[in-house]
>>> print(open('structure-v8.cif').read())   # mmCIF, C-alpha atoms and all ligand atoms
data_data
#
loop_
_atom_site.label_atom_id
_atom_site.label_comp_id
_atom_site.auth_asym_id
_atom_site.auth_seq_id
_atom_site.Cartn_x
_atom_site.Cartn_y
_atom_site.Cartn_z
CA MET H 97 8.80 7.82 10.44
CA LEU H 98 7.57 8.14 14.00
CA PHE H 99 3.89 7.26 14.15
CA GLY H 100 3.01 7.66 17.78
CA LYS H 101 4.20 7.68 21.33
CA LYS H 102 7.55 6.07 22.08
CA PRO H 103 9.45 5.72 25.34
CA GLY H 104 10.77 9.18 26.22
CA TYR H 105 8.04 10.80 24.11
CA ASP H 106 7.88 14.55 24.65
CA PRO H 107 4.41 15.90 23.89
CA ASP H 108 5.78 19.41 23.36
CA TYR H 109 8.16 18.48 20.59
CA ASP H 110 7.70 14.96 19.24
CA LEU H 111 5.49 14.08 16.36
CA LYS H 112 2.25 12.28 17.13
CA ILE H 113 0.27 11.15 14.14
CA ASP H 114 -3.51 10.90 14.36
CA ASP H 115 -4.53 7.24 14.84
CA ALA H 116 -6.51 6.93 11.58
CA LEU H 117 -3.75 8.65 9.58
CA ALA H 118 -1.15 6.35 11.13
CA ARG H 119 -3.11 3.44 9.60
CA ASN H 120 -3.44 5.46 6.36
CA ASP H 121 -7.24 5.51 6.78
CA TYR H 122 -9.36 8.50 5.82
CA PRO H 123 -9.99 10.44 9.05
CA GLY H 124 -13.58 11.15 7.98
CA ASP H 125 -15.04 11.71 11.48
CA LYS H 126 -12.39 14.22 12.44
CA LEU H 127 -12.59 16.05 9.14
CA ASP H 128 -16.40 16.12 9.32
CA ALA H 129 -16.17 17.62 12.80
CA ALA H 130 -13.65 20.16 11.54
CA ARG H 131 -15.95 21.03 8.63
CA ALA H 132 -18.83 21.56 11.05
CA ALA H 133 -16.80 23.95 13.22
CA ALA H 134 -17.46 27.68 13.08
CA HIS H 135 -14.17 28.12 11.33
CA THR H 136 -13.21 25.44 8.83
CA SER H 137 -9.52 24.87 8.14
CA LEU H 138 -8.33 24.80 4.55
CA CYS H 139 -7.12 21.27 5.20
CA ALA H 140 -10.64 20.11 6.14
CA GLN H 141 -12.20 21.96 3.21
CA MET H 142 -9.89 20.55 0.58
CA CYS H 143 -9.20 17.03 1.82
CA THR H 144 -12.43 15.46 0.61
CA ALA H 145 -12.87 11.67 0.48
CA GLU H 146 -12.25 11.85 -3.27
CA VAL H 147 -8.97 13.73 -2.88
CA TRP H 148 -7.91 11.31 -0.14
CA ASP H 149 -8.60 8.29 -2.36
CA LYS H 150 -6.66 9.78 -5.21
CA TYR H 151 -3.54 10.41 -3.18
CA LYS H 152 -3.53 8.08 -0.20
CA ASP H 153 -0.87 5.82 -1.69
CA VAL H 154 1.10 8.52 -3.48
CA VAL H 155 4.60 9.35 -2.29
CA SER H 156 6.12 12.67 -3.31
CA SER H 157 8.83 12.60 -5.96
CA GLY H 158 11.15 14.79 -3.85
CA PRO H 159 13.62 13.85 -1.09
CA ALA H 160 11.00 13.74 1.70
CA LYS H 161 8.89 10.92 0.22
CA TRP H 162 5.96 12.92 1.58
CA THR H 163 2.46 11.50 1.95
CA LEU H 164 -0.99 13.04 2.21
CA ALA H 165 -1.35 11.51 5.70
CA ARG H 166 1.69 13.45 6.90
CA ALA H 167 0.65 16.58 5.03
CA ILE H 168 -2.75 16.86 6.74
CA ASN H 169 -1.90 15.68 10.26
CA THR H 170 -2.10 19.14 11.85
CA GLY H 171 -5.53 19.89 10.41
CA VAL H 172 -6.87 16.47 11.44
CA MET H 173 -5.54 16.68 14.99
CA TYR H 174 -6.54 20.30 15.49
CA PRO H 175 -9.93 21.37 14.11
CA ASP H 176 -9.10 24.94 15.10
CA SER H 177 -6.24 25.10 12.55
CA PHE H 178 -6.53 27.84 9.99
CA VAL H 179 -4.48 26.14 7.28
CA GLY H 180 -3.69 22.73 8.82
CA CYS H 181 -1.40 21.22 6.18
CA HIS H 182 2.29 21.25 5.33
CA ALA H 183 4.65 20.25 2.54
CA GLY H 184 7.63 17.97 3.10
CA ASP H 185 9.46 19.00 -0.04
CA LYS H 186 9.00 21.35 -3.00
CA GLU H 187 7.57 18.51 -5.11
CA SER H 188 4.71 17.92 -2.63
CA TYR H 189 2.95 21.04 -3.87
CA ASP H 190 2.49 19.59 -7.37
CA ASP H 191 2.50 15.86 -6.60
CA PHE H 192 -0.63 16.46 -4.48
CA ALA H 193 -1.91 19.20 -6.77
CA ASP H 194 -5.64 18.55 -6.32
CA PHE H 195 -5.17 19.08 -2.62
CA PHE H 196 -2.48 21.78 -2.34
CA HIS H 197 -3.45 23.95 -5.30
CA PRO H 198 -6.97 24.69 -3.99
CA VAL H 199 -5.49 25.34 -0.54
CA ILE H 200 -3.07 27.84 -2.10
CA GLU H 201 -5.73 29.51 -4.23
CA ASP H 202 -8.10 29.82 -1.29
CA TYR H 203 -5.55 31.22 1.15
CA HIS H 204 -4.05 33.57 -1.43
CA SER H 205 -7.37 34.59 -2.91
CA GLY H 206 -7.09 36.10 -6.37
CA PHE H 207 -4.01 34.00 -7.14
CA SER H 208 -4.31 31.23 -9.72
CA MET H 209 -1.94 28.26 -9.87
CA LYS H 210 -2.69 27.96 -13.59
CA GLU H 211 -1.52 31.44 -14.39
CA GLY H 212 1.12 31.80 -11.69
CA SER H 213 2.27 35.17 -10.47
CA ASP H 214 3.28 37.76 -12.94
CA LEU H 215 5.42 39.99 -10.78
CA GLN H 216 6.76 43.12 -12.37
CA GLY H 217 10.42 43.98 -11.91
CA THR H 218 13.42 42.06 -10.67
CA PRO H 219 13.60 40.59 -7.13
CA SER H 220 15.87 43.43 -6.04
CA GLU H 221 13.48 46.06 -7.41
CA ARG H 222 10.62 44.43 -5.56
CA ILE H 223 12.45 44.70 -2.29
CA ASP H 224 13.62 48.28 -2.87
CA PRO H 225 12.54 50.50 0.06
CA ALA H 226 12.49 53.55 -2.24
CA ARG H 227 9.36 52.11 -3.87
CA ILE H 228 7.26 52.37 -0.73
CA THR H 229 4.88 55.26 -1.40
CA VAL H 230 2.72 55.18 1.73
CA ASP H 231 3.98 56.74 4.96
CA LEU H 232 3.02 56.03 8.53
CA SER H 233 0.85 58.72 10.06
CA THR H 234 2.29 60.56 13.04
CA SER H 235 -0.38 59.02 15.22
CA ALA H 236 0.52 55.49 14.09
CA GLU H 237 4.22 56.14 14.56
CA ASP H 238 3.56 57.29 18.13
CA LYS H 239 1.78 54.03 18.90
CA ILE H 240 4.29 51.66 17.31
CA VAL H 241 6.59 49.87 19.71
CA SER H 242 8.64 48.04 17.09
CA THR H 243 8.75 47.01 13.46
CA ARG H 244 9.82 43.65 12.08
CA ILE H 245 9.93 42.27 8.55
CA ARG H 246 10.87 38.69 7.83
CA LEU H 247 11.37 36.48 4.84
CA ALA H 248 10.78 32.74 5.03
CA ARG H 249 13.35 30.95 2.89
CA ASN H 250 14.34 27.34 2.36
CA LEU H 251 17.56 26.06 0.87
CA SER H 252 17.13 24.09 -2.32
CA MET H 253 19.75 21.47 -1.36
CA PHE H 254 17.65 20.01 1.50
CA PRO H 255 14.12 18.66 2.07
CA LEU H 256 11.75 21.00 3.90
CA ASN H 257 11.99 20.39 7.63
CA PRO H 258 8.67 18.53 8.17
CA GLY H 259 10.08 15.97 5.70
CA GLY H 260 13.67 16.23 6.92
CA SER H 261 15.80 14.28 9.35
CA ARG H 262 18.09 15.16 12.22
CA GLU H 263 20.99 15.02 9.74
CA SER H 264 19.37 17.36 7.20
CA ARG H 265 18.63 19.86 9.96
CA GLU H 266 22.21 19.67 11.22
CA GLU H 267 23.57 20.12 7.70
CA VAL H 268 21.47 23.28 7.22
CA ALA H 269 22.83 24.68 10.51
CA ALA H 270 26.42 23.79 9.59
CA LEU H 271 26.12 25.51 6.22
CA MET H 272 24.65 28.62 7.80
CA ALA H 273 27.45 28.68 10.41
CA GLN H 274 29.89 28.90 7.50
CA VAL H 275 27.88 31.74 5.94
CA TYR H 276 27.79 33.76 9.17
CA ALA H 277 31.51 33.22 9.75
CA ARG H 278 32.12 34.98 6.44
CA ILE H 279 30.32 38.21 7.35
CA PRO H 280 33.03 40.85 7.80
CA LYS H 281 33.37 42.08 11.39
CA THR H 282 33.03 45.64 10.12
CA SER H 283 29.57 44.97 8.63
CA ASP H 284 26.54 46.09 10.62
CA LEU H 285 25.16 42.59 9.99
CA ALA H 286 28.09 40.98 11.85
CA GLY H 287 27.17 38.99 14.94
CA GLU H 288 26.99 35.54 16.46
CA LEU H 289 25.17 32.25 15.90
CA PHE H 290 23.72 30.63 19.02
CA LEU H 291 22.77 26.97 18.78
CA HIS H 292 20.00 25.47 20.89
CA THR H 293 22.17 22.46 21.71
CA THR H 294 24.66 24.67 23.57
CA MET H 295 22.58 27.73 24.54
CA SER H 296 21.64 28.03 28.22
CA GLU H 297 17.95 27.88 29.13
CA GLU H 298 18.21 31.43 30.56
CA LYS H 299 19.67 32.76 27.31
CA ARG H 300 16.96 31.01 25.29
CA GLN H 301 14.17 32.38 27.46
CA SER H 302 15.57 35.92 27.45
CA LEU H 303 15.80 35.88 23.64
CA ILE H 304 12.18 34.70 23.48
CA ASP H 305 11.05 37.37 25.95
CA ASP H 306 12.75 40.03 23.81
CA HIS H 307 10.87 38.73 20.72
CA PHE H 308 14.13 37.67 19.06
CA LEU H 309 13.55 33.93 19.10
CA PHE H 310 10.87 31.36 18.35
CA ARG H 311 9.15 29.72 21.28
CA GLY H 312 8.86 26.11 20.13
CA LYS H 313 6.22 24.09 22.01
CA ASP H 314 3.48 24.93 19.55
CA ARG H 315 0.99 22.05 19.38
CA MET H 316 0.15 22.71 15.73
CA GLN H 317 3.79 23.00 14.73
CA ALA H 318 4.58 19.80 16.65
CA ALA H 319 1.87 17.97 14.67
CA SER H 320 3.36 19.19 11.39
CA GLY H 321 6.77 17.75 12.24
CA TYR H 322 8.46 21.16 12.66
CA HIS H 323 9.72 20.30 16.12
CA GLU H 324 11.11 16.84 15.36
CA HIS H 325 14.65 16.13 16.56
CA TRP H 326 14.49 19.21 18.75
CA PRO H 327 16.89 20.88 19.63
CA HIS H 328 19.31 19.57 17.00
CA GLY H 329 20.12 21.95 14.17
CA ARG H 330 18.13 24.80 15.74
CA GLY H 331 19.71 28.18 16.29
CA VAL H 332 19.51 31.90 16.03
CA TYR H 333 21.93 34.39 14.52
CA LEU H 334 21.95 37.89 15.98
CA ASN H 335 23.96 40.88 14.85
CA ASP H 336 25.47 43.02 17.56
CA ALA H 337 22.70 45.63 17.46
CA GLN H 338 20.05 42.85 17.53
CA THR H 339 18.43 44.26 14.42
CA PHE H 340 19.35 41.50 11.96
CA ILE H 341 18.25 38.08 13.12
CA ASN H 342 18.08 34.71 11.44
CA TRP H 343 16.17 31.78 12.80
CA VAL H 344 17.68 28.52 11.74
CA ASN H 345 15.33 25.53 11.42
CA GLU H 346 12.40 26.79 13.44
CA GLY H 347 10.09 25.44 10.74
CA ASP H 348 11.47 26.77 7.50
CA HIS H 349 15.24 26.45 7.13
CA LEU H 350 15.59 30.20 7.45
CA ARG H 351 13.62 33.10 8.71
CA ILE H 352 15.60 36.19 7.72
CA ILE H 353 14.45 38.95 10.05
CA SER H 354 15.10 42.66 10.27
CA MET H 355 13.69 44.49 13.27
CA GLN H 356 14.12 47.53 15.44
CA LYS H 357 12.31 49.67 17.97
CA GLY H 358 9.97 52.32 16.61
CA GLY H 359 8.36 52.64 13.21
CA ASP H 360 11.13 53.25 10.67
CA VAL H 361 9.72 50.73 8.20
CA LYS H 362 12.02 51.74 5.36
CA ALA H 363 15.21 51.23 7.38
CA VAL H 364 13.96 47.80 8.47
CA PHE H 365 13.14 46.86 4.88
CA ALA H 366 16.53 48.07 3.58
CA ARG H 367 18.42 45.96 6.13
CA LEU H 368 16.33 42.91 5.27
CA SER H 369 17.07 43.35 1.63
CA ALA H 370 20.85 43.62 2.20
CA GLY H 371 20.88 40.62 4.55
CA ALA H 372 18.94 38.34 2.20
CA LYS H 373 21.27 39.23 -0.66
CA LEU H 374 24.35 38.51 1.43
CA ILE H 375 23.07 35.08 2.48
CA GLU H 376 22.19 34.13 -1.06
CA GLU H 377 25.61 35.12 -2.38
CA GLN H 378 27.52 33.31 0.36
CA VAL H 379 25.51 30.08 0.11
CA ARG H 380 26.06 30.12 -3.65
CA ASP H 381 29.76 30.61 -3.17
CA ILE H 382 30.12 27.87 -0.55
CA THR H 383 27.96 25.23 -2.26
CA GLY H 384 28.71 26.15 -5.86
CA GLN H 385 24.99 25.69 -6.47
CA ASP H 386 23.22 28.37 -8.46
CA ASP H 387 19.73 27.81 -7.07
CA VAL H 388 20.12 28.83 -3.48
CA PHE H 389 16.59 29.46 -2.28
CA MET H 390 13.90 26.92 -3.10
CA MET H 391 11.70 28.52 -5.78
CA HIS H 392 8.61 27.28 -7.56
CA ASP H 393 7.98 28.28 -11.19
CA LYS H 394 4.45 29.44 -10.49
CA PHE H 395 4.45 30.96 -7.03
CA GLY H 396 8.03 31.79 -6.02
CA ALA H 397 9.53 30.99 -2.62
CA VAL H 398 8.62 27.53 -1.31
CA THR H 399 7.82 27.23 2.40
CA CYS H 400 6.57 24.42 4.65
CA CYS H 401 3.21 26.10 5.23
CA PRO H 402 1.16 27.12 2.17
CA SER H 403 0.36 30.42 3.90
CA ASN H 404 3.93 31.65 3.47
CA ILE H 405 4.65 30.72 -0.13
CA GLY H 406 5.29 33.41 -2.72
CA THR H 407 7.27 36.22 -1.16
CA GLY H 408 7.55 34.49 2.21
CA MET H 409 7.34 37.99 3.62
CA ARG H 410 5.52 39.12 6.72
CA GLY H 411 5.99 42.72 7.75
CA SER H 412 4.58 43.60 11.15
CA VAL H 413 4.31 46.43 13.56
CA HIS H 414 3.65 46.01 17.26
CA ILE H 415 1.09 48.69 17.93
CA LEU H 416 -0.51 49.92 21.17
CA VAL H 417 -4.26 50.45 20.79
CA PRO H 418 -5.58 49.76 24.32
CA LYS H 419 -8.86 51.68 23.90
CA LEU H 420 -9.71 49.86 20.72
CA ILE H 421 -8.97 46.48 22.30
CA LYS H 422 -11.27 47.38 25.18
CA ALA H 423 -14.01 48.72 22.93
CA ILE H 424 -14.25 46.00 20.28
CA GLY H 425 -11.89 43.16 21.25
CA PHE H 426 -9.17 41.32 19.41
CA ASP H 427 -11.38 39.32 17.03
CA GLN H 428 -13.10 42.42 15.73
CA ILE H 429 -9.75 44.16 15.27
CA ASP H 430 -8.54 41.14 13.31
CA LYS H 431 -11.64 41.34 11.12
CA LEU H 432 -10.97 45.02 10.36
CA CYS H 433 -7.37 44.12 9.54
CA ARG H 434 -8.45 41.36 7.18
CA GLU H 435 -10.68 43.79 5.31
CA ARG H 436 -7.44 45.68 4.68
CA ASN H 437 -5.40 42.68 3.51
CA CYS H 438 -3.78 42.40 6.93
CA GLN H 439 -4.17 40.29 10.05
CA ALA H 440 -3.80 40.78 13.80
CA ARG H 441 -1.84 38.49 16.11
CA GLY H 442 -1.33 38.51 19.88
CA SER H 443 1.56 40.14 21.73
CA THR H 444 4.02 37.27 21.45
CA GLY H 445 3.25 36.00 17.97
CA GLU H 446 0.96 33.60 16.19
CA HIS H 447 -1.55 31.71 18.40
CA SER H 448 -0.71 33.97 21.37
CA GLU H 449 -2.84 36.16 23.64
CA VAL H 450 -3.00 39.93 23.64
CA ILE H 451 -1.08 41.21 26.64
CA ASP H 452 -0.64 44.84 25.64
CA ARG H 453 0.44 45.27 22.01
CA ILE H 454 -1.12 43.85 18.87
CA ASP H 455 0.92 42.51 15.97
CA VAL H 456 -0.44 43.86 12.67
CA SER H 457 0.94 42.41 9.46
CA ASN H 458 0.29 41.89 5.78
CA TRP H 459 -1.95 38.93 5.07
CA ARG H 460 -1.13 38.51 1.40
CA ARG H 461 2.20 37.00 0.48
CA ILE H 462 1.89 36.23 -3.19
CA GLY H 463 1.42 37.83 -6.61
CA LEU H 464 2.44 41.25 -5.31
CA PRO H 465 5.86 42.80 -4.90
CA GLU H 466 7.23 42.93 -1.36
CA TYR H 467 7.08 46.74 -1.17
CA GLU H 468 3.32 46.68 -1.80
CA LEU H 469 2.83 44.21 1.04
CA VAL H 470 4.70 46.62 3.31
CA GLU H 471 2.33 49.35 2.11
CA ASP H 472 -0.65 47.18 3.17
CA MET H 473 0.77 46.99 6.67
CA ILE H 474 1.43 50.74 6.85
CA SER H 475 -2.10 51.60 5.70
CA CYS H 476 -3.65 49.20 8.20
CA ALA H 477 -1.56 50.60 11.08
CA ASN H 478 -2.65 54.12 10.07
CA PHE H 479 -6.29 52.99 10.10
CA LEU H 480 -6.06 51.36 13.55
CA ALA H 481 -4.28 54.40 14.99
CA ALA H 482 -7.06 56.67 13.68
CA GLU H 483 -9.73 54.36 15.18
CA GLU H 484 -7.92 54.47 18.53
CA ASP H 485 -7.80 58.27 18.38
CA ARG H 486 -11.58 58.47 17.84
CA LEU H 487 -12.23 56.71 21.16
CA VAL H 488 -12.31 58.62 24.41
P1 LIG L 1 6.47 34.70 12.10
O1 LIG L 1 5.43 35.03 11.11
O2 LIG L 1 7.75 35.34 11.79
O3 LIG L 1 6.60 33.22 12.33
P2 LIG L 1 5.32 34.83 14.80
O4 LIG L 1 3.92 35.34 14.89
O5 LIG L 1 5.54 33.37 14.99
O6 LIG L 1 5.95 35.35 13.44
O7 LIG L 1 6.19 35.67 15.82
C1 LIG L 1 7.54 35.48 15.98
C2 LIG L 1 8.17 36.40 17.02
O8 LIG L 1 8.36 37.69 16.46
C3 LIG L 1 7.32 36.61 18.26
O9 LIG L 1 8.17 36.67 19.39
C4 LIG L 1 6.69 37.95 17.99
O10 LIG L 1 6.28 38.62 19.16
C5 LIG L 1 7.83 38.67 17.32
N1 LIG L 1 7.39 39.85 16.54
C6 LIG L 1 6.56 39.86 15.48
N2 LIG L 1 6.37 41.11 15.01
C7 LIG L 1 7.11 41.92 15.81
C8 LIG L 1 7.34 43.34 15.86
N3 LIG L 1 6.78 44.18 14.99
N4 LIG L 1 8.15 43.79 16.84
C9 LIG L 1 8.74 42.95 17.73
N5 LIG L 1 8.57 41.63 17.73
C10 LIG L 1 7.77 41.11 16.79
MG MG L 2 5.68 31.75 13.39
#
>>> encode(input="structure-v8.cif", output="structure tokens")
Amino acid sequence: MLFGKKPGYDPDYDLKIDDALARNDYPGDKLDAARAAAHTSLCAQMCTAEVWDKYKDVVSSGPAKWTLARAINTGVMYPDSFVGCHAGDKESYDDFADFFHPVIEDYHSGFSMKEGSDLQGTPSERIDPARITVDLSTSAEDKIVSTRIRLARNLSMFPLNPGGSRESREEVAALMAQVYARIPKTSDLAGELFLHTTMSEEKRQSLIDDHFLFRGKDRMQAASGYHEHWPHGRGVYLNDAQTFINWVNEGDHLRIISMQKGGDVKAVFARLSAGAKLIEEQVRDITGQDDVFMMHDKFGAVTCCPSNIGTGMRGSVHILVPKLIKAIGFDQIDKLCRERNCQARGSTGEHSEVIDRIDVSNWRRIGLPEYELVEDMISCANFLAAEEDRLV
């Protein structure tokens, strides 16, 4: 494990562990400061001295051999984190239960780790676009630049990336290359996998500018270990129409993304559903392993960040509400979104500034079927569009 700066250290990508954590000491000062901040991360709230003492010498029972020190590094280094902790393998969530379970229950309020989620219907019913009963208003549709729905998924044969190695990342990418090679050329999902190790810098930047690719260079993600061994094993799959996109090893092994211009939410959801099914079937066929996606008995899909567990789904619209931004500002818009089980992000994704559009997406990820989360997003977009229309 890399515990600090080495020759050739790249601050944008390499992992730097907080000094106290590197010694496996309780970072009390930093956590106290984080607790005193206006916004307190879930990491700072839940990692009390008692919890630290209980787990400081525990190593997860999964392949990552994860520790509490590694799990909380982001929250300790960055008091402005919202969540601030990450899992290195599926087992981390239960091996550090007194830490992770309260984080999960707080983030996904209303969800209980004791009871688990009691989702009605089969996974394919839950992702059935025909079940969406709320429609976008005409006003919202006029203001929507694009729609994107993604699923975060990890493959059960590998550790989660924060706890992975260069080899595990490369194996994930190699397996996915096999999957994509099997997609029939006649399918509308057919396309090409671009790997970061061979992609030109211009190509990478143009994909980022078009919102098709992750940026990297995120200080919080670097502190979690997401960026380690960059650029090895990283890539993006794009179908020819650039409407079905997979991120490989950004943080989670897979981000399965369906997106297009405009506000046809149901078409986006239907493509996502078909793509996820295809990947699952092909990985099963290639590996011979029945459990393809990493699933937890209680909460469903396992992801590196506790915010994404459950459905792993974030449905978003990019919406233009310039008058509202001017009148009340981004933070107030975010607050209104949160009152509607949604959140606002900047124009180029999480932790970004508002340039013109706002990204509005479902906040809840767990205990509800995917189609209901899409309905949350539609209702919130309708609300913001109506607020914009009221302003002169
Ligand atoms: P995620 O939750 O998938 O990690 P991020 O906030 O990190 O999302 O954003 C990832 C990328 O997806 C960014 O480039 C962002 O601008 C883009 N994006 C998100 N929602 C939309 C949308 N509705 N239309 C177009 N691009 C989008
Ligand atoms: Mg992201």
>>> residues_near_ligand(input="structure-v8.cif", ligand="ligand LIG 1 (chain L)", cutoff="10 Å", atoms="all atoms listed in the file", output="PyMOL selection string")
chain H and resi 240-248+303-312+314+343+346-348+351-359+361+403-404+408-415+440-448+453-457
>>> atom_distance(input="structure-v8.cif", atom1="atom CA of Arg436 of chain H", atom2="atom CA of Ser475 of chain H")
8.0 Å
>>> atom_distance(input="structure-v8.cif", atom1="atom CA of Gly406 of chain H", atom2="atom CA of Val450 of chain H")
28.4 Å
>>> closest_residue(input="structure-v8.cif", among="H:Leu289, H:Leu464, H:Cys476, H:Leu138", to="Arg222 of chain H", atoms="all atoms listed in the file")
H:Leu464
>>> residues_around(input="structure-v8.cif", residues="Met253 of chain H", least_positions_apart="2", cutoff="8 Å", atoms="all atoms listed in the file", output="list of chain:residue names")
H:Leu251, H:Pro255, H:Val388
>>> atom_distance(input="structure-v8.cif", atom1="atom CA of Asn169 of chain H", atom2="atom CA of Asp202 of chain H")
19.3 Å
>>> closest_residue(input="structure-v8.cif", among="H:Met272, H:Leu350, H:Met142, H:Val199", to="ligand MG 2 (chain L)", atoms="all atoms listed in the file")
H:Leu350
>>> closest_residue(input="structure-v8.cif", among="H:Cys401, H:Ala160, H:Leu215, H:Val172", to="ligand MG 2 (chain L)", atoms="all atoms listed in the file")
H:Cys401
>>> residues_around(input="structure-v8.cif", residues="Gly171 of chain H", least_positions_apart="6", cutoff="10 Å", atoms="only C-alpha atoms", output="list in words")
Lys126, Leu127, Ala130, Thr136, Ser137, Leu138, Cys139, Ala140, Cys143, Ser177, Phe178, Val179, Gly180, Cys181, His182, Met316, Ala319 and Ser320 of chain H
>>> closest_residue(input="structure-v8.cif", among="H:Lys373, H:Lys313, H:Arg265, H:Lys161", to="ligand MG 2 (chain L)", atoms="only C-alpha atoms and all ligand atoms")
H:Lys313
>>> closest_residue(input="structure-v8.cif", among="H:Ala145, H:Ile228, H:Val332, H:Ala129", to="Pro175 of chain H", atoms="all atoms listed in the file")
H:Ala129
>>> closest_residue(input="structure-v8.cif", among="H:Cys400, H:Asp472, H:Thr383, H:Arg262", to="ligand MG 2 (chain L)", atoms="all atoms listed in the file")
H:Cys400
>>> residues_around(input="structure-v8.cif", residues="Trp326 of chain H", least_positions_apart="5", cutoff="12 Å", atoms="all atoms listed in the file", output="VMD selection string")
chain H and resid 105 to 111 257 261 to 263 265 to 266 291 to 293 312 to 313 318 321 331 345 to 347
>>> build_atoms(input="structure-v8.cif", residues="segment 167-178 of chain H", atoms="N, CA, C and O atoms", output="mmCIF file, in the frame of the given file")
data_model
loop_
_atom_site.group_PDB
_atom_site.id
_atom_site.type_symbol
_atom_site.label_atom_id
_atom_site.label_comp_id
_atom_site.auth_asym_id
_atom_site.auth_seq_id
_atom_site.Cartn_x
_atom_site.Cartn_y
_atom_site.Cartn_z
ATOM 1 N N ALA H 167 0.942 15.194 5.399
ATOM 2 C CA ALA H 167 0.650 16.580 5.030
ATOM 3 C C ALA H 167 -0.529 17.156 5.816
ATOM 4 O O ALA H 167 -0.549 18.340 6.135
ATOM 5 N N ILE H 168 -1.523 16.317 6.133
ATOM 6 C CA ILE H 168 -2.750 16.860 6.740
ATOM 7 C C ILE H 168 -2.845 16.622 8.254
ATOM 8 O O ILE H 168 -3.856 16.939 8.872
ATOM 9 N N ASN H 169 -1.791 16.067 8.848
ATOM 10 C CA ASN H 169 -1.900 15.680 10.260
ATOM 11 C C ASN H 169 -2.317 16.836 11.182
ATOM 12 O O ASN H 169 -3.153 16.665 12.062
ATOM 13 N N THR H 170 -1.760 18.024 10.962
ATOM 14 C CA THR H 170 -2.100 19.140 11.850
ATOM 15 C C THR H 170 -3.592 19.463 11.784
ATOM 16 O O THR H 170 -4.252 19.631 12.810
ATOM 17 N N GLY H 171 -4.125 19.533 10.580
ATOM 18 C CA GLY H 171 -5.530 19.890 10.410
ATOM 19 C C GLY H 171 -6.470 18.821 10.974
ATOM 20 O O GLY H 171 -7.567 19.132 11.454
ATOM 21 N N VAL H 172 -6.032 17.557 10.921
ATOM 22 C CA VAL H 172 -6.870 16.470 11.440
ATOM 23 C C VAL H 172 -6.832 16.478 12.969
ATOM 24 O O VAL H 172 -7.853 16.334 13.636
ATOM 25 N N MET H 173 -5.647 16.695 13.525
ATOM 26 C CA MET H 173 -5.540 16.680 14.990
ATOM 27 C C MET H 173 -6.135 17.934 15.626
ATOM 28 O O MET H 173 -6.623 17.883 16.739
ATOM 29 N N TYR H 174 -6.095 19.038 14.898
ATOM 30 C CA TYR H 174 -6.540 20.300 15.490
ATOM 31 C C TYR H 174 -7.586 20.988 14.607
ATOM 32 O O TYR H 174 -7.238 21.706 13.666
ATOM 33 N N PRO H 175 -8.864 20.774 14.919
ATOM 34 C CA PRO H 175 -9.930 21.370 14.110
ATOM 35 C C PRO H 175 -9.901 22.895 14.118
ATOM 36 O O PRO H 175 -10.507 23.516 13.262
ATOM 37 N N ASP H 176 -9.175 23.478 15.072
ATOM 38 C CA ASP H 176 -9.100 24.940 15.100
ATOM 39 C C ASP H 176 -7.952 25.480 14.240
ATOM 40 O O ASP H 176 -7.668 26.677 14.263
ATOM 41 N N SER H 177 -7.300 24.616 13.466
ATOM 42 C CA SER H 177 -6.240 25.100 12.550
ATOM 43 C C SER H 177 -6.852 26.050 11.536
ATOM 44 O O SER H 177 -8.002 25.880 11.140
ATOM 45 N N PHE H 178 -6.054 26.963 11.069
ATOM 46 C CA PHE H 178 -6.530 27.840 9.990
ATOM 47 C C PHE H 178 -6.158 27.247 8.631
ATOM 48 O O PHE H 178 -6.950 27.200 7.714
#
